[in-house]
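Shown next, in structure tokens, is the structure this report addresses.
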There are 2 protein chains.
Amino acid sequence: MSKTIIFKNRPAGKPSRSDFELVHEEDPGPGEGEVLLKSHYISVDPYLRGRMRNEESYIPPFKLNEPIESMVVAEVVESNNPNFQSGEFVSGMLKWKELQVSSGTGLNRVDRALAPLPAFLGVLGLTGLTAYLALDKIGKLKPGETLVVSGAAGAVGSIAAQIGKIQGCMVAGIAGSDEKVQKIEEDFGLDRGLNYNKEEDMANALRRICTDGVDVYFDNVGGEMLDAVLQNINKDARIINCGAISLYNETELPTGPRPEGILIKKTALMQGFLIRDHAKDFGRALRQLGAWLQDGSLIYEETMVEGFEKLPEAFIGLFEGRNVGKMVVKV
Amino acid sequence: MSKTIIFKNRPAGKPSRSDFELVHEEDPGPGEGEVLLKSHYISVDPYLRGRMRNEESYIPPFKLNEPIESMVVAEVVESNNPNFQSGEFVSGMLKWKELQVSSGTGLNRVDRALAPLPAFLGVLGLTGLTAYLALDKIGKLKPGETLVVSGAAGAVGSIAAQIGKIQGCMVAGIAGSDEKVQKIEEDFGLDRGLNYNKEEDMANALRRICTDGVDVYFDNVGGEMLDAVLQNINKDARIINCGAISLYNETELPTGPRPEGILIKKTALMQGFLIRDHAKDFGRALRQLGAWLQDGSLIYEETMVEGFEKLPEAFIGLFEGRNVGKMVVKV
């Protein structure tokens, strides 16, 4: 018998443990051309909240009473597919199961010599790719510019902020605790950190630390943080709408100050980014990220939660700011 | 004695006649190197409302008790400047005066053979340039795409919409009366027009006429119209924030549904546009606009108000939808 986590209930507001159910199933066996995969590390990501709504979006919603899926690093334990050998490690969009079969489509081989396995869910996975390619395609950083990153101690934010430093920018990071601010300043090497839970007026606080205004904003949170940054943008600023975690649990359409007046006045740009549109650039981006990792100019952190059954808890923790860097569950 | 219009009072909300004062002054005389200009046509534009606020912006605010300024087509009636001859016509950012002197800086000679004089305030002035270059730089129309234009019977909108047709798009226009809708469909050749004053639910109305969704939105009005379009955008849509006339008279920061969620889901772009940033492209754009005018693929309308002293009234009329095409005052 092996474990699976089933999606039981579409959450209204913040997800809770009862929206998920742990079930036991017969161990699956691979059919012709299939591989049997054993999950080692499973990624939990804020965007999964979007798939829990019953709405048409860029990925279909999760179905009730079926397993959740996310990026997983798994070991091939049995193979009837000539492209994969038993003992190899792969990453791919897979189900929250200890054991599962796959046709092999969409699986990528993982090179254990390059980095430890969970890094392929983070800095060398969609997380790092998102940070790198969103800056590359929309941010277009120039040395000397000011980059602000929200969720700067988080998975994507901590990588994006460090890329800003590598590219010669003044980088300010916003995070939710003094410990995180200390980490982004001391470990990730940002110029300034800001604990939004200690600021009454974020727009003023940003003005204090970004004395030359904001040229690029890498937004992982949306909402009031975005409002505050908009009040501080420079001419021709670029705002990367990468995530909006502050809104993901909202049950009504969130409202706020209209941005169009500021966008006109500053001839600024806001653009949404989804990593799935940029697969053709993954190779180039991974080579660059790998090179920065190897020469030490890029570091990464993980928040590792142990135990397959802790998956729902780890996911819910994302909305409570419980992670530094990438949140990963070790099976 | 000649007439001047002085800015007397910063309006709160919609401007009124008493915010302006007509005064009589001694006729000015040109000094060394200067020209004496006689105003023939004066442009009134929604963006002037922004200069009436005492706020830092992309152009300095108007000063109280000094003349308003906007684009003017004027005749050189006396010249002490070797670059200009008496009898020539020029356009430039000039004061609301019947007569004024100028050093000649910033004046452009007007070629009367190309089009009637007021056209140099409209289709061959900043209006046409704005429509053309905003589509060129941000809209990046592809044949077969759907373009929606708000303020489609207005100065910039009516040109932008026709450019969309020239470039092979399905073009829907939004305007404020049945007469305007008839005009944009019959005279300007748009595929569909929508009278926003007759629709209870603009998002649904747009869905009805833009059955393939919206790829590019040329926004001259902002506010609720923008909200409605955002609910209908396609993947990789581009929204040109060119104007926000619906917000210009607001006294408090206007709020509305937050766009960041939709921008992410649709990987869409919103970008502010100001024509003053694109002077280096004016030559190329004017050649194209001139060619389209001459071959008849582009037409234009003017709403001509006669009499210098009617300038405030014409300006206020912009916020009451009293113009079709470019609003111009004939001195």
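Ligands are numbered from 1 in the order shown, residues from 1 within each chain, and chains are lettered A, B, ... in the order they appear in the structure tokens.
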
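All residues of segment 105-195 of chain B that DSSP, run on the backbone, classes as strand (DSSP E) are B:Asn108, B:Arg109, B:Thr146, B:Leu147, B:Val148, B:Val149, B:Ser150, B:Met170, B:Val171, B:Ala172, B:Gly173, B:Ile174, B:Ala175, B:Arg192, B:Gly193, B:Leu194, B:Asn195.
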
Save out the residues we just selected, N, CA and C atoms, as a short mmCIF file (atom, residue, chain, number, x, y, z; two decimals), in the first residue's frame.
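Result written to again26.cif:
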data_model
loop_
_atom_site.label_atom_id
_atom_site.label_comp_id
_atom_site.auth_asym_id
_atom_site.auth_seq_id
_atom_site.Cartn_x
_atom_site.Cartn_y
_atom_site.Cartn_z
N ASN B 108 7.09 74.66 -35.35
CA ASN B 108 7.24 73.88 -36.58
C ASN B 108 6.47 74.55 -37.71
N ARG B 109 7.13 74.65 -38.87
CA ARG B 109 6.48 75.24 -40.03
C ARG B 109 5.36 74.30 -40.50
N THR B 146 -8.32 41.52 -32.58
CA THR B 146 -9.41 42.41 -32.22
C THR B 146 -8.86 43.60 -31.43
N LEU B 147 -9.16 44.79 -31.96
CA LEU B 147 -8.78 46.05 -31.29
C LEU B 147 -10.04 46.70 -30.76
N VAL B 148 -10.02 47.09 -29.49
CA VAL B 148 -11.11 47.89 -28.93
C VAL B 148 -10.56 49.27 -28.62
N VAL B 149 -11.33 50.30 -29.00
CA VAL B 149 -10.93 51.69 -28.76
C VAL B 149 -12.03 52.36 -27.96
N SER B 150 -11.67 52.99 -26.85
CA SER B 150 -12.65 53.80 -26.13
C SER B 150 -12.47 55.25 -26.56
N MET B 170 -10.13 43.43 -36.60
CA MET B 170 -11.53 43.65 -36.25
C MET B 170 -11.50 44.77 -35.22
N VAL B 171 -12.22 45.87 -35.49
CA VAL B 171 -12.14 47.02 -34.59
C VAL B 171 -13.52 47.35 -34.04
N ALA B 172 -13.61 47.36 -32.70
CA ALA B 172 -14.84 47.78 -32.02
C ALA B 172 -14.56 49.09 -31.32
N GLY B 173 -15.51 50.01 -31.41
CA GLY B 173 -15.34 51.32 -30.79
C GLY B 173 -16.40 51.58 -29.74
N ILE B 174 -16.01 52.22 -28.66
CA ILE B 174 -16.95 52.58 -27.60
C ILE B 174 -17.12 54.10 -27.62
N ALA B 175 -18.36 54.56 -27.58
CA ALA B 175 -18.63 55.99 -27.59
C ALA B 175 -19.87 56.26 -26.73
N ARG B 192 -17.77 47.42 -35.31
CA ARG B 192 -18.86 47.49 -34.35
C ARG B 192 -18.68 48.70 -33.45
N GLY B 193 -19.80 49.32 -33.11
CA GLY B 193 -19.76 50.41 -32.14
C GLY B 193 -20.65 50.09 -30.97
N LEU B 194 -20.34 50.67 -29.82
CA LEU B 194 -21.10 50.40 -28.60
C LEU B 194 -21.34 51.72 -27.89
N ASN B 195 -22.61 52.00 -27.57
CA ASN B 195 -22.95 53.21 -26.82
C ASN B 195 -22.96 52.86 -25.34
#

TODO: May I have the residues of chain B within 7 Å of chain A, counting only C-alpha atoms, written as a PyMOL selection string?
DONE: chain B and resi 57-58+222+241-242+244+253-258+260-261+263-274

Could you name the residues that touch Gly33 of chain B at 10 Å or less, counting only C-alpha atoms, but leaving out those on the same chain fewer than 5 positions away, as a PDB file with C-alpha atoms, in the first residue's frame?
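Result file result-v7.pdb:
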ATOM      1  CA  SER B  79       9.574  88.497 -37.848  1.00  0.00           C
ATOM      2  CA  ASN B  80      12.920  89.570 -36.454  1.00  0.00           C
ATOM      3  CA  ASN B  81      14.078  85.960 -36.708  1.00  0.00           C
ATOM      4  CA  PRO B  82      15.839  84.869 -39.923  1.00  0.00           C
ATOM      5  CA  ASN B  83      14.274  81.380 -39.665  1.00  0.00           C
ATOM      6  CA  PHE B  84      10.724  82.653 -40.095  1.00  0.00           C
ATOM      7  CA  SER B 102       8.073  83.792 -29.539  1.00  0.00           C
ATOM      8  CA  SER B 103      11.802  83.180 -29.864  1.00  0.00           C
ATOM      9  CA  GLY B 104      10.939  80.601 -32.506  1.00  0.00           C
TER      10      GLY B 104
END

Task: Residue neighbourhood Leu94 of chain A, 12 Å, only C-alpha atoms, exclusion window fewer than 6 positions, as a PyMOL selection string - done: chain A and resi 4-5+36-44+67-74+100-108

Once you have the residues from the selection above, write them out as a PDB file, in the first residue's frame, restricted to N, CA and C atoms.
ATOM      1  N   THR A   4      -1.517   8.581  -1.052  1.00  0.00           N
ATOM      2  CA  THR A   4      -1.916   9.605  -2.030  1.00  0.00           C
ATOM      3  C   THR A   4      -2.615  10.718  -1.268  1.00  0.00           C
ATOM      4  N   ILE A   5      -2.506  11.947  -1.765  1.00  0.00           N
ATOM      5  CA  ILE A   5      -3.308  13.023  -1.166  1.00  0.00           C
ATOM      6  C   ILE A   5      -4.322  13.522  -2.183  1.00  0.00           C
ATOM      7  N   LEU A  36       7.656   3.243 -13.342  1.00  0.00           N
ATOM      8  CA  LEU A  36       7.130   3.391 -11.984  1.00  0.00           C
ATOM      9  C   LEU A  36       8.029   4.385 -11.251  1.00  0.00           C
ATOM     10  N   LEU A  37       7.417   5.419 -10.682  1.00  0.00           N
ATOM     11  CA  LEU A  37       8.182   6.495 -10.048  1.00  0.00           C
ATOM     12  C   LEU A  37       7.930   6.518  -8.550  1.00  0.00           C
ATOM     13  N   LYS A  38       9.001   6.735  -7.797  1.00  0.00           N
ATOM     14  CA  LYS A  38       8.897   6.898  -6.344  1.00  0.00           C
ATOM     15  C   LYS A  38       9.248   8.349  -6.029  1.00  0.00           C
ATOM     16  N   SER A  39       8.296   9.079  -5.442  1.00  0.00           N
ATOM     17  CA  SER A  39       8.509  10.505  -5.142  1.00  0.00           C
ATOM     18  C   SER A  39       9.543  10.666  -4.026  1.00  0.00           C
ATOM     19  N   HIS A  40      10.517  11.562  -4.252  1.00  0.00           N
ATOM     20  CA  HIS A  40      11.484  11.886  -3.188  1.00  0.00           C
ATOM     21  C   HIS A  40      11.246  13.281  -2.611  1.00  0.00           C
ATOM     22  N   TYR A  41      11.026  14.267  -3.497  1.00  0.00           N
ATOM     23  CA  TYR A  41      10.788  15.651  -3.051  1.00  0.00           C
ATOM     24  C   TYR A  41       9.602  16.213  -3.823  1.00  0.00           C
ATOM     25  N   ILE A  42       8.705  16.874  -3.119  1.00  0.00           N
ATOM     26  CA  ILE A  42       7.498  17.421  -3.750  1.00  0.00           C
ATOM     27  C   ILE A  42       7.428  18.914  -3.470  1.00  0.00           C
ATOM     28  N   SER A  43       7.156  19.671  -4.522  1.00  0.00           N
ATOM     29  CA  SER A  43       7.111  21.129  -4.423  1.00  0.00           C
ATOM     30  C   SER A  43       5.717  21.590  -4.008  1.00  0.00           C
ATOM     31  N   VAL A  44       5.640  22.531  -3.073  1.00  0.00           N
ATOM     32  CA  VAL A  44       4.370  23.223  -2.808  1.00  0.00           C
ATOM     33  C   VAL A  44       4.560  24.685  -3.185  1.00  0.00           C
ATOM     34  N   PRO A  67      -6.129  13.293  -7.037  1.00  0.00           N
ATOM     35  CA  PRO A  67      -4.916  13.787  -6.373  1.00  0.00           C
ATOM     36  C   PRO A  67      -4.535  15.194  -6.855  1.00  0.00           C
ATOM     37  N   ILE A  68      -3.975  15.975  -5.942  1.00  0.00           N
ATOM     38  CA  ILE A  68      -3.299  17.228  -6.283  1.00  0.00           C
ATOM     39  C   ILE A  68      -2.076  16.870  -7.131  1.00  0.00           C
ATOM     40  N   GLU A  69      -1.625  17.835  -7.970  1.00  0.00           N
ATOM     41  CA  GLU A  69      -0.327  17.619  -8.618  1.00  0.00           C
ATOM     42  C   GLU A  69       0.521  18.872  -8.558  1.00  0.00           C
ATOM     43  N   SER A  70       1.821  18.643  -8.555  1.00  0.00           N
ATOM     44  CA  SER A  70       2.788  19.749  -8.557  1.00  0.00           C
ATOM     45  C   SER A  70       4.118  19.179  -9.062  1.00  0.00           C
ATOM     46  N   MET A  71       5.169  19.992  -9.026  1.00  0.00           N
ATOM     47  CA  MET A  71       6.465  19.475  -9.477  1.00  0.00           C
ATOM     48  C   MET A  71       7.027  18.522  -8.428  1.00  0.00           C
ATOM     49  N   VAL A  72       7.582  17.414  -8.924  1.00  0.00           N
ATOM     50  CA  VAL A  72       8.093  16.362  -8.042  1.00  0.00           C
ATOM     51  C   VAL A  72       9.451  15.898  -8.578  1.00  0.00           C
ATOM     52  N   VAL A  73      10.383  15.635  -7.673  1.00  0.00           N
ATOM     53  CA  VAL A  73      11.593  14.913  -8.064  1.00  0.00           C
ATOM     54  C   VAL A  73      11.405  13.466  -7.627  1.00  0.00           C
ATOM     55  N   ALA A  74      11.507  12.564  -8.592  1.00  0.00           N
ATOM     56  CA  ALA A  74      11.193  11.158  -8.322  1.00  0.00           C
ATOM     57  C   ALA A  74      12.288  10.250  -8.873  1.00  0.00           C
ATOM     58  N   GLN A 100       3.786   6.254  -8.370  1.00  0.00           N
ATOM     59  CA  GLN A 100       2.865   6.446  -9.483  1.00  0.00           C
ATOM     60  C   GLN A 100       3.518   5.972 -10.775  1.00  0.00           C
ATOM     61  N   VAL A 101       2.697   5.695 -11.757  1.00  0.00           N
ATOM     62  CA  VAL A 101       3.241   5.332 -13.063  1.00  0.00           C
ATOM     63  C   VAL A 101       3.125   6.538 -13.996  1.00  0.00           C
ATOM     64  N   SER A 102       4.002   6.543 -14.999  1.00  0.00           N
ATOM     65  CA  SER A 102       4.033   7.644 -15.967  1.00  0.00           C
ATOM     66  C   SER A 102       4.430   7.090 -17.313  1.00  0.00           C
ATOM     67  N   SER A 103       3.924   7.729 -18.364  1.00  0.00           N
ATOM     68  CA  SER A 103       4.340   7.327 -19.718  1.00  0.00           C
ATOM     69  C   SER A 103       5.739   7.851 -20.036  1.00  0.00           C
ATOM     70  N   GLY A 104       6.210   8.753 -19.205  1.00  0.00           N
ATOM     71  CA  GLY A 104       7.523   9.362 -19.457  1.00  0.00           C
ATOM     72  C   GLY A 104       7.416  10.735 -20.097  1.00  0.00           C
ATOM     73  N   THR A 105       6.252  11.045 -20.669  1.00  0.00           N
ATOM     74  CA  THR A 105       6.059  12.353 -21.310  1.00  0.00           C
ATOM     75  C   THR A 105       6.166  13.475 -20.278  1.00  0.00           C
ATOM     76  N   GLY A 106       6.964  14.482 -20.583  1.00  0.00           N
ATOM     77  CA  GLY A 106       7.075  15.638 -19.691  1.00  0.00           C
ATOM     78  C   GLY A 106       8.063  15.457 -18.551  1.00  0.00           C
ATOM     79  N   LEU A 107       8.690  14.264 -18.487  1.00  0.00           N
ATOM     80  CA  LEU A 107       9.701  14.069 -17.435  1.00  0.00           C
ATOM     81  C   LEU A 107      11.060  14.562 -17.917  1.00  0.00           C
ATOM     82  N   ASN A 108      11.793  15.215 -17.043  1.00  0.00           N
ATOM     83  CA  ASN A 108      13.156  15.641 -17.358  1.00  0.00           C
ATOM     84  C   ASN A 108      14.139  14.926 -16.449  1.00  0.00           C
TER      85      ASN A 108
END

Show which residues sit within 8 Å of Arg49 of chain A, as a PDB file with C-alpha atoms, in the first residue's frame. Count only C-alpha atoms, and ignore same-chain residues fewer than 3 positions away.
ATOM      1  CA  PRO A  46       1.364  29.508  -4.029  1.00  0.00           C
ATOM      2  CA  MET A  52      -8.280  24.926  -6.367  1.00  0.00           C
ATOM      3  CA  ARG A  53     -10.849  27.365  -7.727  1.00  0.00           C
ATOM      4  CA  TYR A 248      -5.110  34.194  -3.727  1.00  0.00           C
ATOM      5  CA  ASN A 249      -7.369  33.493  -0.752  1.00  0.00           C
TER       6      ASN A 249
END

Open item on the list: Residues within 8 Å of segment 296-299 of chain A, please, as a VMD selection string. Count only C-alpha atoms; anything in the same chain fewer than 2 positions from it doesn't count.
Closed with: chain A and resid 159 162 to 163 166 188 289 292 to 294 301

TODO: Just list the residues in segment 63-240 of chain A DSSP gives helix (DSSP H, G or I) on the backbone, as a PyMOL selection string.
DONE: chain A and resi 117-121+126-139+155-166+178-186+196-198+202-209+223-230

Open item on the list: Using only C-alpha atoms, which protein or nucleic acid residues come within 6 Å of segment 211-215 of chain A? Drop anything in the same chain fewer than 2 positions from it, and give the result as a PyMOL selection string.
Closed with: chain A and resi 145-146+207+209+232-234+237
